[in-house]
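Peer 1: Pasting entry.txt below, which is compact mmCIF, C-alpha atoms.
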```
# COMPACT_ATOMS: atom_id res chain seq x y z
CA MET A 10 -148.62 -121.91 -65.29
CA ILE A 11 -150.61 -122.24 -62.10
CA ALA A 12 -151.64 -118.91 -60.62
CA VAL A 13 -152.55 -118.58 -56.96
CA ILE A 14 -154.53 -115.37 -56.60
CA ASP A 15 -153.46 -113.14 -53.73
CA TYR A 16 -156.24 -110.82 -52.62
CA ARG A 17 -154.50 -109.68 -49.47
CA VAL A 18 -156.25 -111.81 -46.89
CA GLY A 19 -154.79 -114.43 -44.70
CA ASN A 20 -151.73 -116.43 -45.14
CA LEU A 21 -150.99 -118.15 -48.41
CA THR A 22 -147.75 -119.82 -47.31
CA SER A 23 -149.45 -123.15 -46.61
CA VAL A 24 -151.23 -123.32 -49.96
CA MET A 25 -148.04 -122.52 -51.86
CA LYS A 26 -146.08 -125.04 -49.81
CA ALA A 27 -148.62 -127.82 -50.42
CA LEU A 28 -148.64 -127.14 -54.18
CA ARG A 29 -144.83 -127.16 -54.28
CA SER A 30 -144.71 -130.43 -52.35
CA LEU A 31 -146.76 -131.92 -55.20
CA GLY A 32 -144.14 -130.87 -57.71
CA SER A 33 -145.94 -127.77 -58.94
CA ASP A 34 -144.34 -124.35 -59.31
CA PRO A 35 -147.20 -121.95 -58.55
CA VAL A 36 -147.06 -118.21 -59.13
CA LEU A 37 -148.55 -115.93 -56.49
CA THR A 38 -150.20 -112.98 -58.19
CA ASP A 39 -152.58 -110.06 -57.76
CA GLY A 40 -152.40 -109.02 -61.40
CA PRO A 41 -155.09 -109.64 -64.05
CA ALA A 42 -152.42 -109.98 -66.75
CA VAL A 43 -150.95 -113.02 -65.01
CA VAL A 44 -154.42 -114.48 -64.46
CA LEU A 45 -155.15 -114.15 -68.17
CA ARG A 46 -152.05 -116.20 -69.00
CA ALA A 47 -152.64 -118.91 -66.38
CA ASP A 48 -153.42 -122.51 -67.25
CA LYS A 49 -154.98 -123.11 -63.85
CA LEU A 50 -156.31 -120.76 -61.21
CA ILE A 51 -156.50 -121.19 -57.46
CA LEU A 52 -158.32 -118.70 -55.26
CA PRO A 53 -157.49 -119.48 -51.64
CA GLY A 54 -158.51 -117.40 -48.70
CA VAL A 55 -159.67 -117.21 -45.19
CA GLY A 56 -161.32 -114.16 -43.84
CA HIS A 57 -164.30 -111.96 -44.42
CA PHE A 58 -166.33 -112.26 -47.62
CA SER A 59 -166.05 -108.49 -48.09
CA SER A 60 -162.31 -108.90 -48.76
CA THR A 61 -163.21 -110.45 -52.13
CA ARG A 62 -164.13 -106.92 -53.22
CA PHE A 63 -160.40 -106.58 -53.99
CA LEU A 64 -160.95 -108.97 -56.91
CA GLU A 65 -163.45 -106.63 -58.50
CA ASP A 66 -161.47 -103.47 -57.73
CA ARG A 67 -158.30 -104.86 -59.31
CA GLY A 68 -159.92 -106.23 -62.44
CA LEU A 69 -159.21 -109.76 -61.26
CA LYS A 70 -162.85 -110.79 -61.31
CA LEU A 71 -163.20 -109.97 -64.97
CA ALA A 72 -159.97 -111.79 -65.79
CA ILE A 73 -161.07 -114.86 -63.81
CA GLN A 74 -164.44 -114.88 -65.56
CA GLN A 75 -162.72 -114.76 -68.95
CA ARG A 76 -160.45 -117.66 -68.07
CA ILE A 77 -163.35 -119.69 -66.70
CA ASP A 78 -165.35 -119.05 -69.89
CA ALA A 79 -162.32 -120.24 -71.86
CA GLY A 80 -162.34 -123.52 -69.91
CA THR A 81 -159.41 -122.93 -67.55
CA PRO A 82 -159.71 -125.09 -64.43
CA PHE A 83 -160.48 -122.96 -61.36
CA LEU A 84 -160.31 -124.04 -57.72
CA GLY A 85 -161.68 -121.85 -54.93
CA ILE A 86 -160.72 -122.69 -51.35
CA CYS A 87 -162.79 -121.67 -48.29
CA VAL A 88 -163.92 -118.09 -49.03
CA GLY A 89 -162.75 -118.88 -52.57
CA LEU A 90 -165.54 -121.47 -52.81
CA GLN A 91 -168.11 -119.11 -51.34
CA TRP A 92 -167.11 -116.45 -53.87
CA LEU A 93 -168.26 -118.77 -56.66
CA PHE A 94 -171.80 -118.28 -55.37
CA ALA A 95 -173.97 -115.21 -55.93
CA GLY A 96 -172.89 -113.79 -52.59
CA SER A 97 -172.91 -114.23 -48.86
CA THR A 98 -175.00 -112.77 -46.08
CA GLU A 99 -171.64 -112.00 -44.45
CA ALA A 100 -171.24 -109.09 -46.88
CA PRO A 101 -174.49 -108.58 -48.82
CA GLU A 102 -173.06 -105.53 -50.61
CA THR A 103 -170.22 -107.59 -52.15
CA PRO A 104 -171.40 -109.83 -54.99
CA GLY A 105 -169.67 -113.11 -55.75
CA LEU A 106 -168.95 -114.53 -59.19
CA ALA A 107 -172.39 -116.18 -59.34
CA ALA A 108 -171.15 -119.29 -61.14
CA PHE A 109 -173.62 -120.91 -58.75
CA PRO A 110 -176.78 -118.82 -58.26
CA GLU A 111 -177.36 -119.59 -54.58
CA THR A 112 -176.24 -117.53 -51.56
CA CYS A 113 -174.00 -118.49 -48.64
CA GLU A 114 -175.42 -118.06 -45.16
CA LYS A 115 -174.22 -118.35 -41.59
CA PHE A 116 -174.68 -121.64 -39.76
CA ALA A 117 -178.00 -121.41 -38.00
CA SER A 118 -178.00 -124.72 -36.22
CA GLY A 119 -177.27 -123.44 -32.72
CA LYS A 120 -173.95 -125.25 -32.79
CA LYS A 121 -170.71 -123.51 -31.93
CA VAL A 122 -169.54 -121.15 -34.65
CA PRO A 123 -166.99 -121.12 -36.24
CA HIS A 124 -167.06 -124.72 -37.36
CA VAL A 125 -163.45 -125.65 -36.64
CA GLY A 126 -161.79 -129.01 -37.00
CA TRP A 127 -161.78 -132.27 -38.90
CA ASN A 128 -165.13 -133.33 -40.31
CA SER A 129 -166.07 -136.10 -42.71
CA LEU A 130 -167.04 -135.89 -46.38
CA SER A 131 -169.90 -137.65 -48.05
CA ILE A 132 -168.57 -137.83 -51.60
CA LYS A 133 -170.66 -138.09 -54.75
CA PRO A 134 -169.26 -140.76 -57.08
CA GLY A 135 -167.72 -139.50 -60.29
CA SER A 136 -166.24 -136.28 -58.93
CA ARG A 137 -162.91 -135.48 -60.54
CA LEU A 138 -161.63 -133.59 -57.50
CA PHE A 139 -162.22 -136.60 -55.26
CA ALA A 140 -160.91 -139.34 -57.53
CA GLY A 141 -159.18 -141.83 -55.23
CA VAL A 142 -160.37 -140.11 -52.03
CA PRO A 143 -162.33 -142.60 -49.90
CA ASP A 144 -165.89 -141.66 -49.01
CA GLY A 145 -165.99 -140.58 -45.37
CA SER A 146 -162.50 -139.07 -45.45
CA PHE A 147 -161.80 -136.37 -42.88
CA VAL A 148 -160.71 -132.87 -43.87
CA TYR A 149 -160.00 -129.69 -41.94
CA PHE A 150 -162.55 -126.85 -41.84
CA THR A 151 -162.58 -123.41 -40.26
CA HIS A 152 -165.51 -121.16 -41.22
CA SER A 153 -168.73 -119.57 -39.98
CA TRP A 154 -170.62 -119.15 -43.25
CA ARG A 155 -171.47 -122.11 -45.45
CA ALA A 156 -172.69 -122.76 -48.96
CA PRO A 157 -176.00 -124.60 -49.36
CA VAL A 158 -176.18 -128.03 -50.95
CA ILE A 159 -176.85 -127.53 -54.67
CA GLN A 160 -177.06 -129.62 -57.81
CA ASP A 161 -173.31 -129.22 -58.42
CA THR A 162 -172.34 -130.24 -54.88
CA VAL A 163 -169.92 -133.16 -55.03
CA ALA A 164 -169.17 -133.49 -51.31
CA VAL A 165 -171.49 -132.83 -48.41
CA THR A 166 -170.53 -132.32 -44.77
CA GLU A 167 -172.83 -132.20 -41.78
CA TYR A 168 -172.58 -129.73 -38.94
CA GLY A 169 -176.04 -129.39 -37.48
CA GLU A 170 -177.18 -129.14 -41.09
CA GLN A 171 -175.81 -130.32 -44.41
CA PHE A 172 -173.68 -127.93 -46.43
CA THR A 173 -171.48 -127.96 -49.51
CA ALA A 174 -167.98 -129.14 -48.70
CA ALA A 175 -167.14 -129.14 -52.41
CA ALA A 176 -168.83 -128.14 -55.65
CA GLU A 177 -167.76 -128.93 -59.17
CA ARG A 178 -169.23 -128.02 -62.53
CA ASP A 179 -167.02 -128.63 -65.55
CA ASN A 180 -163.90 -126.50 -64.93
CA VAL A 181 -165.36 -124.57 -61.97
CA MET A 182 -164.54 -126.12 -58.61
CA GLY A 183 -164.42 -125.13 -55.00
CA VAL A 184 -163.83 -126.67 -51.60
CA GLN A 185 -164.93 -125.26 -48.25
CA PHE A 186 -162.24 -127.15 -46.33
CA HIS A 187 -158.50 -126.52 -46.46
CA PRO A 188 -156.91 -129.19 -48.65
CA GLU A 189 -153.47 -127.80 -47.78
CA LYS A 190 -154.14 -128.65 -44.11
CA SER A 191 -156.06 -131.89 -44.53
CA GLY A 192 -153.31 -134.47 -44.61
CA GLU A 193 -153.27 -137.11 -47.34
CA ALA A 194 -156.91 -136.62 -48.38
CA GLY A 195 -156.34 -132.92 -48.93
CA LEU A 196 -153.13 -133.40 -50.87
CA ARG A 197 -154.94 -135.91 -53.09
CA VAL A 198 -157.62 -133.31 -53.90
CA LEU A 199 -154.93 -130.78 -54.82
CA ARG A 200 -153.08 -133.35 -56.92
CA ASN A 201 -156.31 -134.23 -58.73
CA PHE A 202 -156.79 -130.57 -59.56
CA LEU A 203 -153.19 -130.16 -60.70
CA GLU A 204 -153.52 -133.20 -62.95
CA LEU A 205 -156.67 -132.00 -64.71
CA PRO A 206 -156.07 -131.34 -68.39
CA CYS A 207 -155.71 -127.63 -69.05
CA MET B 22 -169.50 -135.57 -38.01
CA LEU B 23 -167.18 -133.00 -36.49
CA THR B 24 -164.52 -134.81 -34.52
CA ARG B 25 -162.78 -133.84 -31.30
CA ARG B 26 -159.19 -132.88 -31.96
CA ILE B 27 -156.11 -134.37 -30.33
CA ILE B 28 -153.27 -131.87 -30.46
CA ALA B 29 -149.61 -132.69 -29.90
CA CYS B 30 -147.55 -129.91 -28.36
CA LEU B 31 -143.81 -129.42 -28.65
CA ASP B 32 -142.03 -127.20 -26.16
CA VAL B 33 -139.04 -125.73 -27.92
CA ARG B 34 -136.05 -123.83 -26.59
CA ASP B 35 -133.30 -122.49 -28.85
CA GLY B 36 -134.53 -124.64 -31.68
CA ARG B 37 -134.66 -127.90 -29.72
CA VAL B 38 -137.54 -129.78 -28.15
CA VAL B 39 -136.94 -129.69 -24.43
CA LYS B 40 -139.56 -132.20 -23.44
CA GLY B 41 -139.83 -135.42 -25.24
CA VAL B 42 -136.32 -136.53 -25.86
CA GLN B 43 -137.07 -140.15 -25.07
CA PHE B 44 -137.58 -141.49 -28.57
CA VAL B 45 -134.72 -143.84 -29.11
CA ASP B 46 -135.10 -144.50 -32.80
CA LEU B 47 -134.91 -140.93 -34.04
CA VAL B 48 -131.82 -139.57 -35.69
CA ASP B 49 -132.16 -136.35 -33.77
CA ALA B 50 -134.42 -136.89 -30.79
CA GLY B 51 -134.89 -133.23 -30.01
CA ASP B 52 -135.55 -131.89 -33.47
CA PRO B 53 -138.94 -130.13 -33.65
CA ALA B 54 -139.42 -130.73 -37.37
CA GLU B 55 -138.83 -134.43 -36.99
CA LEU B 56 -141.06 -134.81 -33.92
CA ALA B 57 -143.86 -132.78 -35.51
CA ALA B 58 -143.78 -134.91 -38.64
CA ARG B 59 -143.76 -138.04 -36.49
CA HIS B 60 -146.79 -136.91 -34.46
CA ALA B 61 -148.68 -135.97 -37.61
CA ALA B 62 -147.92 -139.35 -39.14
CA ALA B 63 -149.11 -141.00 -35.92
CA GLY B 64 -152.48 -139.27 -36.22
CA ALA B 65 -152.19 -135.95 -34.38
CA ASP B 66 -154.91 -133.61 -35.66
CA GLU B 67 -152.79 -130.52 -35.13
CA ILE B 68 -149.34 -129.58 -33.99
CA VAL B 69 -148.58 -126.77 -31.55
CA LEU B 70 -145.04 -125.49 -31.21
CA LEU B 71 -144.55 -123.52 -28.04
CA ASP B 72 -141.35 -121.51 -27.96
CA ILE B 73 -139.98 -121.09 -24.47
CA THR B 74 -136.79 -119.40 -25.57
CA ALA B 75 -136.22 -116.61 -23.11
CA THR B 76 -133.71 -114.57 -25.07
CA HIS B 77 -134.26 -112.05 -27.80
CA GLU B 78 -131.51 -113.63 -29.91
CA GLY B 79 -133.45 -116.86 -29.92
CA ARG B 80 -136.22 -115.34 -32.04
CA GLY B 81 -134.32 -115.81 -35.27
CA THR B 82 -133.77 -119.43 -34.38
CA LEU B 83 -137.50 -119.79 -33.79
CA LEU B 84 -138.42 -118.55 -37.26
CA GLU B 85 -135.99 -120.99 -38.80
CA THR B 86 -137.45 -123.77 -36.66
CA VAL B 87 -140.98 -122.83 -37.70
CA ARG B 88 -139.94 -122.81 -41.35
CA ARG B 89 -138.35 -126.23 -41.16
CA THR B 90 -141.22 -127.70 -39.17
CA ALA B 91 -143.93 -126.29 -41.45
CA GLN B 92 -142.17 -127.65 -44.51
CA ARG B 93 -143.25 -131.21 -43.75
CA LEU B 94 -146.63 -130.61 -42.11
CA PHE B 95 -149.96 -130.82 -43.86
CA VAL B 96 -152.10 -130.54 -40.75
CA PRO B 97 -152.82 -127.26 -38.93
CA PHE B 98 -149.73 -125.84 -37.29
CA THR B 99 -149.85 -123.35 -34.41
CA VAL B 100 -146.89 -121.41 -33.03
CA GLY B 101 -146.90 -119.64 -29.69
CA GLY B 102 -144.56 -118.18 -27.13
CA GLY B 103 -143.16 -114.71 -26.97
CA ILE B 104 -145.19 -113.15 -29.79
CA ARG B 105 -145.70 -109.56 -28.67
CA THR B 106 -146.64 -107.55 -31.75
CA ALA B 107 -148.58 -107.88 -34.99
CA GLU B 108 -145.25 -107.67 -36.84
CA GLU B 109 -143.81 -110.60 -34.91
CA ALA B 110 -146.99 -112.56 -35.63
CA ALA B 111 -146.67 -111.74 -39.34
CA ALA B 112 -143.11 -113.10 -39.38
CA VAL B 113 -144.29 -116.36 -37.79
CA PHE B 114 -147.11 -116.70 -40.34
CA ASP B 115 -144.64 -116.00 -43.12
CA ALA B 116 -142.47 -118.80 -41.82
CA GLY B 117 -145.38 -121.20 -42.24
CA ALA B 118 -147.59 -121.16 -39.15
CA ASP B 119 -151.34 -121.44 -39.75
CA LYS B 120 -152.28 -120.01 -36.38
CA ILE B 121 -150.44 -118.16 -33.66
CA SER B 122 -151.15 -118.29 -29.97
CA ILE B 123 -150.71 -115.26 -27.76
CA ASN B 124 -150.78 -115.20 -24.00
CA SER B 125 -149.02 -112.45 -22.00
CA ALA B 126 -149.12 -110.01 -24.90
CA ALA B 127 -152.89 -110.35 -25.18
CA ILE B 128 -153.28 -109.46 -21.51
CA SER B 129 -151.05 -106.40 -21.71
CA ASP B 130 -152.42 -105.30 -25.10
CA PRO B 131 -155.84 -106.89 -25.74
CA ALA B 132 -156.18 -104.91 -28.99
CA LEU B 133 -153.47 -107.15 -30.39
CA ILE B 134 -156.05 -109.95 -30.76
CA GLY B 135 -158.13 -107.92 -33.19
CA ALA B 136 -155.10 -106.45 -34.92
CA ILE B 137 -153.69 -109.85 -35.87
CA GLY B 138 -157.18 -111.17 -36.68
CA ALA B 139 -157.88 -108.27 -39.03
CA LYS B 140 -154.88 -109.21 -41.13
CA PHE B 141 -154.83 -113.00 -40.92
CA GLY B 142 -158.40 -113.88 -39.99
CA ALA B 143 -159.86 -114.63 -36.58
CA GLN B 144 -159.36 -118.36 -37.15
CA ALA B 145 -155.60 -117.76 -37.01
CA VAL B 146 -155.57 -116.23 -33.52
CA ILE B 147 -155.57 -118.44 -30.45
CA VAL B 148 -155.62 -116.77 -27.07
CA ALA B 149 -153.78 -118.96 -24.58
CA ILE B 150 -154.91 -118.69 -20.98
CA ASP B 151 -152.91 -120.14 -18.09
CA ALA B 152 -155.26 -120.37 -15.15
CA ARG B 153 -155.04 -121.44 -11.54
CA ARG B 154 -157.88 -122.05 -9.13
CA ILE B 155 -157.97 -120.02 -5.95
CA LEU B 156 -158.19 -122.13 -2.82
CA GLY B 157 -161.50 -121.67 -1.06
CA ALA B 158 -162.95 -119.47 -3.80
CA PRO B 159 -165.53 -120.47 -6.40
CA LEU B 160 -164.34 -121.96 -9.68
CA SER B 161 -165.35 -118.79 -11.50
CA HIS B 162 -162.59 -116.98 -9.60
CA ALA B 163 -159.82 -119.04 -11.21
CA GLU B 164 -157.08 -116.55 -12.01
CA VAL B 165 -155.09 -115.84 -15.16
CA PHE B 166 -151.29 -116.00 -14.89
CA VAL B 167 -148.80 -114.70 -17.44
CA ALA B 168 -145.06 -114.82 -18.02
CA GLY B 169 -145.00 -118.58 -18.19
CA GLY B 170 -147.22 -118.94 -15.15
CA ARG B 171 -145.05 -116.80 -12.91
CA LYS B 172 -147.09 -113.63 -12.74
CA PRO B 173 -150.66 -113.36 -11.43
CA THR B 174 -152.85 -110.84 -13.26
CA GLY B 175 -155.82 -110.53 -10.93
CA ARG B 176 -158.06 -111.37 -13.88
CA ARG B 177 -160.60 -114.17 -13.87
CA ALA B 178 -160.10 -116.84 -16.52
CA VAL B 179 -163.75 -117.18 -17.52
CA GLU B 180 -164.19 -113.44 -17.94
CA TRP B 181 -160.92 -113.09 -19.84
CA ALA B 182 -161.96 -115.89 -22.20
CA ARG B 183 -165.20 -114.06 -22.89
CA GLU B 184 -163.36 -110.80 -23.55
CA ALA B 185 -160.85 -112.54 -25.81
CA GLU B 186 -163.75 -113.91 -27.85
CA GLN B 187 -165.35 -110.48 -28.10
CA ARG B 188 -162.04 -109.06 -29.26
CA GLY B 189 -161.90 -111.57 -32.06
CA ALA B 190 -160.03 -114.64 -30.85
CA GLY B 191 -160.66 -117.71 -32.99
CA GLU B 192 -160.01 -120.26 -30.26
CA ILE B 193 -159.08 -120.45 -26.58
CA LEU B 194 -156.23 -122.62 -25.39
CA LEU B 195 -156.89 -123.15 -21.69
CA THR B 196 -154.11 -124.58 -19.57
CA SER B 197 -154.88 -125.56 -16.02
CA MET B 198 -151.77 -124.79 -14.01
CA ASP B 199 -153.12 -126.97 -11.22
CA ALA B 200 -153.32 -130.00 -13.48
CA ASP B 201 -150.32 -129.30 -15.70
CA GLY B 202 -147.61 -131.90 -15.42
CA THR B 203 -149.57 -134.12 -13.01
CA ARG B 204 -150.81 -136.62 -15.63
CA ALA B 205 -153.79 -137.02 -13.29
CA GLY B 206 -156.37 -135.70 -15.77
CA PHE B 207 -157.50 -132.37 -17.17
CA ASP B 208 -159.36 -129.85 -15.03
CA CYS B 209 -162.75 -130.72 -16.51
CA GLU B 210 -164.73 -128.31 -14.35
CA LEU B 211 -162.63 -125.31 -15.32
CA THR B 212 -162.68 -126.35 -18.97
CA ALA B 213 -166.47 -126.68 -18.89
CA ALA B 214 -166.83 -123.27 -17.26
CA VAL B 215 -164.80 -121.62 -20.00
CA SER B 216 -166.37 -123.68 -22.79
CA ASP B 217 -169.86 -122.72 -21.63
CA ALA B 218 -168.89 -119.05 -21.50
CA VAL B 219 -167.79 -118.76 -25.13
CA GLN B 220 -168.96 -119.81 -28.58
CA ILE B 221 -165.48 -120.34 -30.01
CA PRO B 222 -163.67 -123.67 -29.66
CA VAL B 223 -161.83 -124.38 -26.42
CA ILE B 224 -158.66 -126.46 -26.37
CA ALA B 225 -158.02 -128.07 -22.99
CA SER B 226 -154.47 -128.45 -21.80
CA GLY B 227 -152.68 -129.70 -18.74
CA GLY B 228 -152.94 -133.02 -16.96
CA ALA B 229 -153.28 -135.57 -19.77
CA GLY B 230 -152.12 -138.97 -18.61
CA ASN B 231 -154.24 -141.53 -20.44
CA ALA B 232 -157.11 -141.96 -22.90
CA GLN B 233 -159.69 -141.83 -20.14
CA HIS B 234 -158.61 -138.28 -19.35
CA PHE B 235 -159.30 -137.20 -22.91
CA THR B 236 -162.73 -138.82 -22.88
CA GLN B 237 -163.49 -137.03 -19.62
CA VAL B 238 -162.44 -133.60 -20.86
CA PHE B 239 -164.42 -134.02 -24.09
CA ARG B 240 -167.50 -135.17 -22.21
CA ALA B 241 -167.55 -133.45 -18.81
CA GLY B 242 -165.22 -130.62 -19.84
CA ARG B 243 -167.05 -129.97 -23.12
CA ALA B 244 -163.69 -129.32 -24.74
CA ASP B 245 -163.53 -129.14 -28.52
CA ALA B 246 -159.92 -130.22 -28.57
CA ALA B 247 -157.34 -131.44 -26.09
CA LEU B 248 -153.63 -130.87 -26.09
CA ALA B 249 -150.84 -132.87 -24.57
CA ALA B 250 -147.09 -132.98 -24.73
CA GLY B 251 -145.56 -135.36 -22.23
CA ILE B 252 -147.63 -138.46 -22.84
CA PHE B 253 -146.84 -138.43 -26.54
CA HIS B 254 -143.15 -137.92 -25.97
CA PHE B 255 -142.34 -140.48 -23.35
CA GLY B 256 -143.80 -143.46 -25.09
CA VAL B 257 -146.85 -143.62 -22.81
CA ALA B 258 -149.22 -143.33 -25.74
CA ASP B 259 -149.05 -142.80 -29.43
CA VAL B 260 -151.78 -140.66 -30.86
CA ARG B 261 -153.41 -143.32 -33.03
CA SER B 262 -153.92 -145.88 -30.27
CA LEU B 263 -155.05 -143.13 -27.93
CA LYS B 264 -157.66 -142.08 -30.50
CA ALA B 265 -158.83 -145.67 -30.92
CA GLU B 266 -159.46 -145.87 -27.18
CA ILE B 267 -161.30 -142.56 -27.13
CA GLN B 268 -163.41 -143.70 -30.06
CA ARG B 269 -164.37 -146.86 -28.18
CA ASP B 270 -165.69 -144.57 -25.46
CA GLY B 271 -168.05 -143.08 -28.04
CA ILE B 272 -166.21 -139.83 -28.74
CA PRO B 273 -165.97 -138.96 -32.46
CA VAL B 274 -162.34 -138.70 -33.53
CA ARG B 275 -160.53 -138.63 -36.87
CA LEU B 276 -159.93 -142.33 -37.53
CA PRO B 277 -158.56 -143.74 -39.74
CA CYS B 278 -155.95 -141.05 -40.02
```
Rewrite the coordinates I just gave you, this time as structure tokens.

Peer 2:
Amino acid sequence: MIAVIDYRVGNLTSVMKALRSLGSDPVLTDGPAVVLRADKLILPGVGHFSSTRFLEDRGLKLAIQQRIDAGTPFLGICVGLQWLFAGSTEAPETPGLAAFPETCEKFASGKKVPHVGWNSLSIKPGSRLFAGVPDGSFVYFTHSWRAPVIQDTVAVTEYGEQFTAAAERDNVMGVQFHPEKSGEAGLRVLRNFLELPC
Amino acid sequence: MLTRRIIACLDVRDGRVVKGVQFVDLVDAGDPAELAARHAAAGADEIVLLDITATHEGRGTLLETVRRTAQRLFVPFTVGGGIRTAEEAAAVFDAGADKISINSAAISDPALIGAIGAKFGAQAVIVAIDARRILGAPLSHAEVFVAGGRKPTGRRAVEWAREAEQRGAGEILLTSMDADGTRAGFDCELTAAVSDAVQIPVIASGGAGNAQHFTQVFRAGRADAALAAGIFHFGVADVRSLKAEIQRDGIPVRLPC
């Protein structure tokens, strides 16, 4: 069972629709019990980093951590990726999961913020998420904070500076862009995740 | 590299596209879902559905149209026209829109911008501004019109764009009423004035006639995106060949797509 975690921000219709179009039957949930039974976890989300506090308050964070430790594939999207880091300067009082020890910061390049639109990916060979996705593919972003490039970065995008468009370490994965809104390339990323062995 | 977006707009009334019925090889030439899918397949970076249904009864039809259209779209999908409250916006999001655009309602109740943004994120709220230059007055005096361009507000477009940004708009959709429908090019000066006044992306609209016009509005108008309806519907240009031309002019666009 694929659980899409609802933490009460933004609009999850598009994510659910994209997963269904790929033949999946995702369950939308805000309950730790469902998370603990899930074979795959997706944490979508647009909005303020502070909204991820809901995950902690509802016991979802603990449940997610347990599933990740047990090897369950996890995909964070947008704020869901940033939450995998230690935190974000957007909400310093709200800690992330800290699967990656670095911190997300606001774009400081003097470019227009938010970074909105289709930007290209520089993909690291061997990534499971990007199997079959051509290097240089365009995907759709909309965000003002960004994750730094780290050892586990598997796709880099440039907007005045380089940032993590996707990170992947074993079963822990995240994408800054919106695969559900990124045409064929995005659907391929979602399909790759859905086809990972549980 | 971040690309400039080409957005295809569908004007819809009572569930039917009212512009763009010239495709001959479509089963249902005026079906929004079919046209949206076709534009996306042809390389449109986003789809905007603008509901111009005047009647209250038509709202139910709109939600059904949005639902059907969203079903087949995997690029960003914006819905605008007649959204007056946060509840109406929520219904449109539920039906599958990624962003909503508000125009008249934002003028009469500017707090609506923040109210929708608080629930769905600022990125999901586009404030649409219909502006007209005032003869003999400086560009900065260009005035905002509402009610489908029928009602002057006495507000200046550049200042309203700035306020909309402060109130939490994610993007500005600026339509030049002077240029709209002329196919003689976007109002690059007005677009540049608004783009320079805000940090958020500005979508230029009104006047698109050929690829050169897009290049001009991206360069001189400093637009982040440009929207057109007519030229995509009447067979003047398909999005992919338009993008190829713009790319040859040195503007970064999403190609291949």

Peer 1: Compute the chain A side of the contact with chain B at 7 Å, counting all atoms listed in the file, and hand it back as a PyMOL selection string.

Peer 2: chain A and resi 18-20+22-23+55-56+121-123+126-129+147+151+167-168+189-192

Peer 1: List the residues sitting within 10 Å of (-175.4, -136.3, -58.9) in the file's frame, using only C-alpha atoms, as a list in words.

Peer 2: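 Final list of nearby residues, as requested, is Lys133, Pro134, Gly135, Ser136, Ile159, Gln160, Asp161, Thr162 and Val163 of chain A.
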
Peer 1: Determine, counting only C-alpha atoms, which protein, DNA and RNA residues have an atom within 10 Å of an atom of Ser262 in chain B; residues of the same chain fewer than 6 positions away are not included. Present the result as a PyMOL selection string.

Peer 2: chain B and resi 63-64+232+268

Peer 1: What is the CA of Ala107 in chain A-CA of His57 in chain A distance in Å, reported with one decimal?

Peer 2: 17.5 Å

Peer 1: Name the residues, using the chain letters and numbers of the file, that sit within 12 Å of (-154.3, -125.4, -18.9) when counting only C-alpha atoms, and give them as a tab-separated table (two decimals) with C-alpha atoms, in the coordinates of the input.

Peer 2:
```tsv
chain	number	residue	atom	x	y	z
B	124	ASN	CA	-150.78	-115.20	-24.00
B	148	VAL	CA	-155.62	-116.77	-27.07
B	149	ALA	CA	-153.78	-118.96	-24.58
B	150	ILE	CA	-154.91	-118.69	-20.98
B	151	ASP	CA	-152.91	-120.14	-18.09
B	152	ALA	CA	-155.26	-120.37	-15.15
B	153	ARG	CA	-155.04	-121.44	-11.54
B	154	ARG	CA	-157.88	-122.05	-9.13
B	163	ALA	CA	-159.82	-119.04	-11.21
B	164	GLU	CA	-157.08	-116.55	-12.01
B	165	VAL	CA	-155.09	-115.84	-15.16
B	166	PHE	CA	-151.29	-116.00	-14.89
B	169	GLY	CA	-145.00	-118.58	-18.19
B	170	GLY	CA	-147.22	-118.94	-15.15
B	178	ALA	CA	-160.10	-116.84	-16.52
B	193	ILE	CA	-159.08	-120.45	-26.58
B	194	LEU	CA	-156.23	-122.62	-25.39
B	195	LEU	CA	-156.89	-123.15	-21.69
B	196	THR	CA	-154.11	-124.58	-19.57
B	197	SER	CA	-154.88	-125.56	-16.02
B	198	MET	CA	-151.77	-124.79	-14.01
B	199	ASP	CA	-153.12	-126.97	-11.22
B	200	ALA	CA	-153.32	-130.00	-13.48
B	201	ASP	CA	-150.32	-129.30	-15.70
B	202	GLY	CA	-147.61	-131.90	-15.42
B	203	THR	CA	-149.57	-134.12	-13.01
B	206	GLY	CA	-156.37	-135.70	-15.77
B	207	PHE	CA	-157.50	-132.37	-17.17
B	208	ASP	CA	-159.36	-129.85	-15.03
B	209	CYS	CA	-162.75	-130.72	-16.51
B	210	GLU	CA	-164.73	-128.31	-14.35
B	211	LEU	CA	-162.63	-125.31	-15.32
B	212	THR	CA	-162.68	-126.35	-18.97
B	215	VAL	CA	-164.80	-121.62	-20.00
B	223	VAL	CA	-161.83	-124.38	-26.42
B	224	ILE	CA	-158.66	-126.46	-26.37
B	225	ALA	CA	-158.02	-128.07	-22.99
B	226	SER	CA	-154.47	-128.45	-21.80
B	227	GLY	CA	-152.68	-129.70	-18.74
B	228	GLY	CA	-152.94	-133.02	-16.96
B	229	ALA	CA	-153.28	-135.57	-19.77
B	238	VAL	CA	-162.44	-133.60	-20.86
B	244	ALA	CA	-163.69	-129.32	-24.74
B	247	ALA	CA	-157.34	-131.44	-26.09
B	248	LEU	CA	-153.63	-130.87	-26.09
B	249	ALA	CA	-150.84	-132.87	-24.57
B	250	ALA	CA	-147.09	-132.98	-24.73
```

Peer 1: Find the distance between CA of His152 in chain A and CA of His124 in chain A and write it in Å to one decimal.

Peer 2: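 Distance between the two atoms: 5.5 Å.
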
Peer 1: Work out where the centre of an axis-aligned box around every listed atom of range 80-94 of chain A lies and how long its edges are once 8 Å is added on each side; give both in Å to one decimal as lines of an AutoDock Vina configuration file.

Peer 2:
```
center_x = -165.6
center_y = -120.8
center_z = -59.1
size_x = 28.4
size_y = 24.6
size_z = 37.6
```
